[in-house]
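Colleague: Okay, handing you the structure first.
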There are 2 protein chains.
Amino acid sequence: MGRPKKFEPDVVLARAMETFWSKGYADTSPADLVEATGVAKGSLYHAFGSKRELFGRALDLYCQTGAEVTEEFLSRPGTTKERFRAFFVLLVDLDLDGPVRRGCMAQNTVTELAGQDELATRRVHRMEERMVQLFTARIQHGQRDGDVDRGLDARARALCLQTALAGLRTMALTFDRPTLYQIIDTTLEGL
Amino acid sequence: MGRPKKFEPDVVLARAMETFWSKGYADTSPADLVEATGVAKGSLYHAFGSKRELFGRALDLYCQTGAEVTEEFLSRPGTTKERFRAFFVLLVDLDLDGPVRRGCMAQNTVTELAGQDELATRRVHRMEERMVQLFTARIQHGQRDGDVDRGLDARARALCLQTALAGLRTMALTFDRPTLYQIIDTTLEGL
DNA sequence: CTAATTTTTGACCTGTAGTTCAAGAAATAG
DNA sequence: CTATTTCTTGAACTACAGGTCAAAAATTAG
């Protein structure tokens, strides 16, 4: 009972995520969120508690979605190298084709909030570890397929790929597409 | 003539840089700058015009210093791989030994301001290009020394190293030292 | 229909960001 | 010593951030 909600919380959360992603935490104002979601300020606070809490939920959503997309994408048919290449290209394209270059929300968050917000920092670290796990698993899968040299230390390699990806998304803020593609190819050469 | 300055502009600028580096642009308030520099608010505005202009000067200082340190460090005696390793370790240690993890100010800036402040973004891009040039030159130097395989595309390799470095400094916000060292070693293996 | 419950909303509040400025202080020129 | 110049400083100002709240609206239980 009680008055029914006028908005879908998941939709509002997704829109809030987009806004935080594009503008960062500090530079997103309640007014921005009202504009992005179409929900009045009071309702937002009623539904989500505070700007920080809403941001936490948005970050969770981002990490969850990101992990799902990664898993799905790496498990499609193709060699290990092909799959990583396609995945990296996907993310670079995502960065470059958007109306504004905004990189990876998790990285942006840790860059902005490391040393200020331990919870957010830990959340991002968990996400990074998850990515390394997914990469490791894909490499090991490739080793079983005979796709990847069995002498390779899968986790060490996965850590390098995660590092390369983080770097790539930073580079994608200022470099052009051909250069970024070239970086992807050179990076993946050793696989 | 006129009343003499009470402070050394270079010292104030260096302190402002430290503050922007640690807290980011948006989250640094005039009050923070007053505390960090010991100079009254009015004087800061008198000397530097605006927060944005002061930040611009601070960013310039950071890029300038960074390029100098890089050049100096890569030109010390040792093989190419040794020099890159020492340089990467230096930066990781810098990140980890400070009182707060703050990464690279240039990356932080472009992460926070890409799509909002074209001037700052271009400034960072120039810095990144400069780093790639320095890396390229060092690799070519290694190729002449017989240090590095001559079949290598020096610039492509340098781009990868710059990307790895960017990634490494992001990873340094959340990962521990042994893992980061391992990443450095694996990354440099192919040199 | 009444009571109880849950949302919605904009008005309102407090604090601070970023800036300007007027008044005074410290120098030098003549 | 006076005029001129340049610096220093905190007070004052406007705008907005982040959040609270009371009143009205929409539902269901009985």
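Naming scheme: A, B, ... for chains in displayed order of the structure tokens; residues 1 onward per chain; ligands 1 onward as shown.
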Tell me which protein, DNA and RNA residues are within 12 Å of B:Gln162, counting only C-alpha atoms (C1' of nucleotides), leaving out same-chain ones fewer than 4 positions away, and put them as a PyMOL selection string.

Modeller: (chain A and resi 163-164+166-168+170-171+175+180+183+187) or (chain B and resi 70+84+87-88+107+125+127-136+155-158+166-169+187-188)

Colleague: Up to 7 Å from chain A, what residues of chain D turn up? Count only C-alpha atoms (C1' of nucleotides) and give them as a list of chain:residue names.

Modeller: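 For chain D, the answer reads D:DA17, D:DA26, D:DT27, D:DT28.
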
Colleague: So which residues of stretch 56-134 of chain B fall under helix (DSSP H, G or I) by DSSP, listed as a ChimeraX atom specification?

Modeller: /B:56-74,80-97,105-113,118-134

Colleague: Restricted to C-alpha atoms, what would the selected residues look like written as a PDB file, in the first residue's frame?

Modeller:
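Output saved as again_25.pdb:
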ATOM      1  CA  GLY B  56      47.268  25.766 -15.381  1.00  0.00           C
ATOM      2  CA  ARG B  57      50.610  26.974 -14.074  1.00  0.00           C
ATOM      3  CA  ALA B  58      50.782  24.063 -11.648  1.00  0.00           C
ATOM      4  CA  LEU B  59      50.068  21.585 -14.418  1.00  0.00           C
ATOM      5  CA  ASP B  60      52.749  23.158 -16.599  1.00  0.00           C
ATOM      6  CA  LEU B  61      55.221  22.846 -13.756  1.00  0.00           C
ATOM      7  CA  TYR B  62      54.299  19.206 -13.253  1.00  0.00           C
ATOM      8  CA  CYS B  63      54.723  18.334 -16.924  1.00  0.00           C
ATOM      9  CA  GLN B  64      57.980  20.207 -17.193  1.00  0.00           C
ATOM     10  CA  THR B  65      59.463  18.578 -14.114  1.00  0.00           C
ATOM     11  CA  GLY B  66      58.219  15.162 -15.152  1.00  0.00           C
ATOM     12  CA  ALA B  67      59.816  15.379 -18.571  1.00  0.00           C
ATOM     13  CA  GLU B  68      63.106  16.487 -17.060  1.00  0.00           C
ATOM     14  CA  VAL B  69      63.191  13.680 -14.531  1.00  0.00           C
ATOM     15  CA  THR B  70      62.345  11.146 -17.221  1.00  0.00           C
ATOM     16  CA  GLU B  71      65.053  12.353 -19.547  1.00  0.00           C
ATOM     17  CA  GLU B  72      67.620  12.449 -16.803  1.00  0.00           C
ATOM     18  CA  PHE B  73      66.688   9.021 -15.503  1.00  0.00           C
ATOM     19  CA  LEU B  74      66.655   7.216 -18.829  1.00  0.00           C
ATOM     20  CA  THR B  80      67.685  -0.158 -21.973  1.00  0.00           C
ATOM     21  CA  LYS B  81      65.703  -2.691 -20.022  1.00  0.00           C
ATOM     22  CA  GLU B  82      67.500  -1.826 -16.792  1.00  0.00           C
ATOM     23  CA  ARG B  83      66.802   1.854 -17.288  1.00  0.00           C
ATOM     24  CA  PHE B  84      63.107   1.375 -17.987  1.00  0.00           C
ATOM     25  CA  ARG B  85      62.811  -0.976 -15.080  1.00  0.00           C
ATOM     26  CA  ALA B  86      64.466   1.496 -12.738  1.00  0.00           C
ATOM     27  CA  PHE B  87      62.231   4.279 -14.033  1.00  0.00           C
ATOM     28  CA  PHE B  88      59.019   2.334 -13.599  1.00  0.00           C
ATOM     29  CA  VAL B  89      60.061   1.181 -10.147  1.00  0.00           C
ATOM     30  CA  LEU B  90      60.854   4.765  -9.231  1.00  0.00           C
ATOM     31  CA  LEU B  91      57.349   5.894 -10.107  1.00  0.00           C
ATOM     32  CA  VAL B  92      55.627   2.982  -8.409  1.00  0.00           C
ATOM     33  CA  ASP B  93      57.651   3.641  -5.277  1.00  0.00           C
ATOM     34  CA  LEU B  94      56.776   7.318  -5.467  1.00  0.00           C
ATOM     35  CA  ASP B  95      53.102   6.414  -5.576  1.00  0.00           C
ATOM     36  CA  LEU B  96      53.316   3.905  -2.742  1.00  0.00           C
ATOM     37  CA  ASP B  97      55.632   5.713  -0.359  1.00  0.00           C
ATOM     38  CA  MET B 105      48.912  14.473 -11.860  1.00  0.00           C
ATOM     39  CA  ALA B 106      48.711  14.603 -15.657  1.00  0.00           C
ATOM     40  CA  GLN B 107      46.582  11.473 -15.820  1.00  0.00           C
ATOM     41  CA  ASN B 108      44.435  12.668 -12.954  1.00  0.00           C
ATOM     42  CA  THR B 109      43.865  15.920 -14.774  1.00  0.00           C
ATOM     43  CA  VAL B 110      42.834  14.367 -18.044  1.00  0.00           C
ATOM     44  CA  THR B 111      40.630  11.891 -16.214  1.00  0.00           C
ATOM     45  CA  GLU B 112      38.865  14.662 -14.343  1.00  0.00           C
ATOM     46  CA  LEU B 113      38.786  17.298 -17.049  1.00  0.00           C
ATOM     47  CA  GLU B 118      40.226  21.380 -23.709  1.00  0.00           C
ATOM     48  CA  LEU B 119      43.305  23.369 -22.796  1.00  0.00           C
ATOM     49  CA  ALA B 120      44.235  21.122 -19.917  1.00  0.00           C
ATOM     50  CA  THR B 121      43.527  18.059 -22.037  1.00  0.00           C
ATOM     51  CA  ARG B 122      45.820  19.270 -24.794  1.00  0.00           C
ATOM     52  CA  ARG B 123      48.501  20.089 -22.288  1.00  0.00           C
ATOM     53  CA  VAL B 124      48.436  16.533 -20.984  1.00  0.00           C
ATOM     54  CA  HIS B 125      48.427  15.111 -24.483  1.00  0.00           C
ATOM     55  CA  ARG B 126      51.554  17.105 -25.287  1.00  0.00           C
ATOM     56  CA  MET B 127      53.171  15.650 -22.190  1.00  0.00           C
ATOM     57  CA  GLU B 128      52.237  12.120 -23.216  1.00  0.00           C
ATOM     58  CA  GLU B 129      53.660  12.653 -26.697  1.00  0.00           C
ATOM     59  CA  ARG B 130      56.833  13.932 -25.122  1.00  0.00           C
ATOM     60  CA  MET B 131      57.127  10.794 -23.026  1.00  0.00           C
ATOM     61  CA  VAL B 132      56.632   8.612 -26.082  1.00  0.00           C
ATOM     62  CA  GLN B 133      59.396  10.539 -27.834  1.00  0.00           C
ATOM     63  CA  LEU B 134      61.773  10.065 -24.929  1.00  0.00           C
TER      64      LEU B 134
END

Colleague: Would you list the contacts of stretch 10-16 of chain D as an NGL selection string, taking every protein, DNA or RNA residue within 12 Å and counting only C-alpha atoms (C1' of nucleotides), but skipping same-chain residues closer than 2 positions in sequence?

Modeller: (:A and (29-31)) or (:B and (40-43)) or (:C and (15-24)) or (:D and (8 or 18))

Colleague: Residues of the last selection are to be written out with N, CA and C atoms (P, O5', C5', C4', C3', O3' and C1' of nucleotides), as a compact mmCIF listing (two decimals), in the first residue's frame.

Modeller:
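Final output, part_23.txt:
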# COMPACT_ATOMS: atom_id res chain seq x y z
N SER A 29 26.21 17.64 -9.50
CA SER A 29 25.40 18.29 -8.47
C SER A 29 24.03 17.66 -8.41
N PRO A 30 23.35 17.82 -7.29
CA PRO A 30 21.97 17.37 -7.21
C PRO A 30 21.15 17.87 -8.39
N ALA A 31 21.37 19.11 -8.78
CA ALA A 31 20.64 19.65 -9.93
C ALA A 31 20.91 18.84 -11.20
N ALA B 40 47.69 34.65 1.79
CA ALA B 40 46.28 35.02 1.94
C ALA B 40 45.56 34.95 0.60
N LYS B 41 44.26 34.71 0.70
CA LYS B 41 43.45 34.49 -0.48
C LYS B 41 43.60 35.63 -1.50
N GLY B 42 43.46 36.84 -1.01
CA GLY B 42 43.57 38.00 -1.89
C GLY B 42 44.89 38.03 -2.64
N SER B 43 45.96 37.71 -1.92
CA SER B 43 47.28 37.73 -2.56
C SER B 43 47.39 36.69 -3.65
P DG C 15 25.82 26.63 9.36
O5' DG C 15 26.78 26.27 8.13
C5' DG C 15 26.91 24.92 7.74
C4' DG C 15 27.63 24.86 6.41
C3' DG C 15 28.95 25.63 6.40
O3' DG C 15 29.95 24.78 5.88
C1' DG C 15 27.59 26.32 4.57
P DT C 16 31.50 25.12 6.19
O5' DT C 16 32.05 25.32 4.70
C5' DT C 16 31.64 24.39 3.70
C4' DT C 16 31.67 25.06 2.36
C3' DT C 16 32.96 25.84 2.09
O3' DT C 16 33.44 25.36 0.86
C1' DT C 16 31.10 27.09 1.44
P DA C 17 34.96 25.53 0.42
O5' DA C 17 34.82 25.68 -1.15
C5' DA C 17 33.71 25.06 -1.81
C4' DA C 17 33.49 25.75 -3.14
C3' DA C 17 34.74 26.34 -3.75
O3' DA C 17 34.76 26.08 -5.15
C1' DA C 17 33.15 28.08 -3.32
P DG C 18 36.07 26.27 -5.98
O5' DG C 18 35.98 27.79 -6.44
C5' DG C 18 34.95 28.15 -7.34
C4' DG C 18 34.93 29.65 -7.49
C3' DG C 18 36.30 30.28 -7.77
O3' DG C 18 36.17 31.09 -8.92
C1' DG C 18 35.20 31.42 -6.01
P DT C 19 37.45 31.78 -9.61
O5' DT C 19 37.17 33.28 -9.19
C5' DT C 19 35.81 33.74 -9.25
C4' DT C 19 35.64 35.05 -8.52
C3' DT C 19 36.76 36.08 -8.74
O3' DT C 19 36.22 37.10 -9.59
C1' DT C 19 35.90 36.10 -6.50
P DT C 20 37.15 38.33 -10.03
O5' DT C 20 36.66 39.41 -8.96
C5' DT C 20 35.27 39.63 -8.81
C4' DT C 20 35.06 40.77 -7.82
C3' DT C 20 35.96 41.99 -8.04
O3' DT C 20 35.13 43.15 -7.90
C1' DT C 20 36.21 41.20 -5.82
P DC C 21 35.70 44.60 -8.34
O5' DC C 21 35.98 45.25 -6.92
C5' DC C 21 35.10 44.95 -5.84
C4' DC C 21 35.63 45.57 -4.54
C3' DC C 21 36.61 46.72 -4.77
O3' DC C 21 36.39 47.71 -3.80
C1' DC C 21 37.64 45.08 -3.44
P DA C 22 36.35 49.29 -4.29
O5' DA C 22 36.34 50.00 -2.86
C5' DA C 22 35.65 49.40 -1.76
C4' DA C 22 36.53 49.45 -0.52
C3' DA C 22 37.36 50.72 -0.40
O3' DA C 22 37.47 51.06 0.97
C1' DA C 22 38.80 48.87 -0.42
P DA C 23 37.83 52.57 1.40
O5' DA C 23 38.86 52.35 2.59
C5' DA C 23 38.64 51.28 3.54
C4' DA C 23 39.98 50.77 3.99
C3' DA C 23 41.02 51.87 4.22
O3' DA C 23 41.50 51.79 5.55
C1' DA C 23 41.94 50.12 2.90
P DG C 24 42.56 52.92 6.05
O5' DG C 24 43.93 52.11 6.08
C5' DG C 24 44.01 50.93 6.87
C4' DG C 24 45.22 50.12 6.46
C3' DG C 24 46.57 50.84 6.68
O3' DG C 24 47.42 49.93 7.36
C1' DG C 24 46.45 49.98 4.49
P DT D 8 52.27 40.07 -1.57
O5' DT D 8 51.41 40.89 -0.50
C5' DT D 8 52.03 41.47 0.63
C4' DT D 8 51.00 41.61 1.75
C3' DT D 8 50.17 40.35 1.98
O3' DT D 8 50.19 40.05 3.37
C1' DT D 8 48.74 42.22 1.55
P DG D 18 27.45 18.65 -4.21
O5' DG D 18 26.56 18.37 -2.92
C5' DG D 18 27.13 18.63 -1.65
C4' DG D 18 26.05 18.58 -0.61
C3' DG D 18 25.14 17.34 -0.69
O3' DG D 18 25.22 16.67 0.56
C1' DG D 18 23.87 19.32 -0.44

Colleague: Could you please determine the separation between atom CA of A:Ala114 and atom CA of B:Asp32 in Å, to one decimal place?

Modeller: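 Distance between the two atoms: 18.1 Å.
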
Colleague: Within 6 Å of chain B, which residues belong to chain C? Use only C-alpha atoms (C1' of nucleotides) and report them as a PDB file with N, CA and C atoms (P, O5', C5', C4', C3', O3' and C1' of nucleotides), in the first residue's frame.

Modeller:
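Produced file iface27.pdb, reproduced below:
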ATOM      1  P    DA C  26      54.780  47.558   6.913  1.00  0.00           P
ATOM      2  O5'  DA C  26      55.684  47.616   5.608  1.00  0.00           O
ATOM      3  C5'  DA C  26      55.816  46.449   4.810  1.00  0.00           C
ATOM      4  C4'  DA C  26      56.390  46.845   3.469  1.00  0.00           C
ATOM      5  C3'  DA C  26      57.722  47.609   3.538  1.00  0.00           C
ATOM      6  O3'  DA C  26      58.612  46.990   2.634  1.00  0.00           O
ATOM      7  C1'  DA C  26      56.193  48.752   2.165  1.00  0.00           C
ATOM      8  P    DA C  27      60.212  47.028   2.940  1.00  0.00           P
ATOM      9  O5'  DA C  27      60.700  48.144   1.897  1.00  0.00           O
ATOM     10  C5'  DA C  27      61.297  47.739   0.710  1.00  0.00           C
ATOM     11  C4'  DA C  27      60.674  48.456  -0.474  1.00  0.00           C
ATOM     12  C3'  DA C  27      61.441  49.694  -0.955  1.00  0.00           C
ATOM     13  O3'  DA C  27      62.515  49.291  -1.781  1.00  0.00           O
ATOM     14  C1'  DA C  27      59.054  49.933  -1.161  1.00  0.00           C
ATOM     15  P    DT C  28      63.750  50.353  -2.029  1.00  0.00           P
ATOM     16  O5'  DT C  28      63.583  50.847  -3.542  1.00  0.00           O
ATOM     17  C5'  DT C  28      62.476  50.488  -4.341  1.00  0.00           C
ATOM     18  C4'  DT C  28      62.188  51.622  -5.305  1.00  0.00           C
ATOM     19  C3'  DT C  28      63.323  52.628  -5.475  1.00  0.00           C
ATOM     20  O3'  DT C  28      63.422  52.982  -6.851  1.00  0.00           O
ATOM     21  C1'  DT C  28      61.387  53.757  -4.686  1.00  0.00           C
TER      22       DT C  28
END
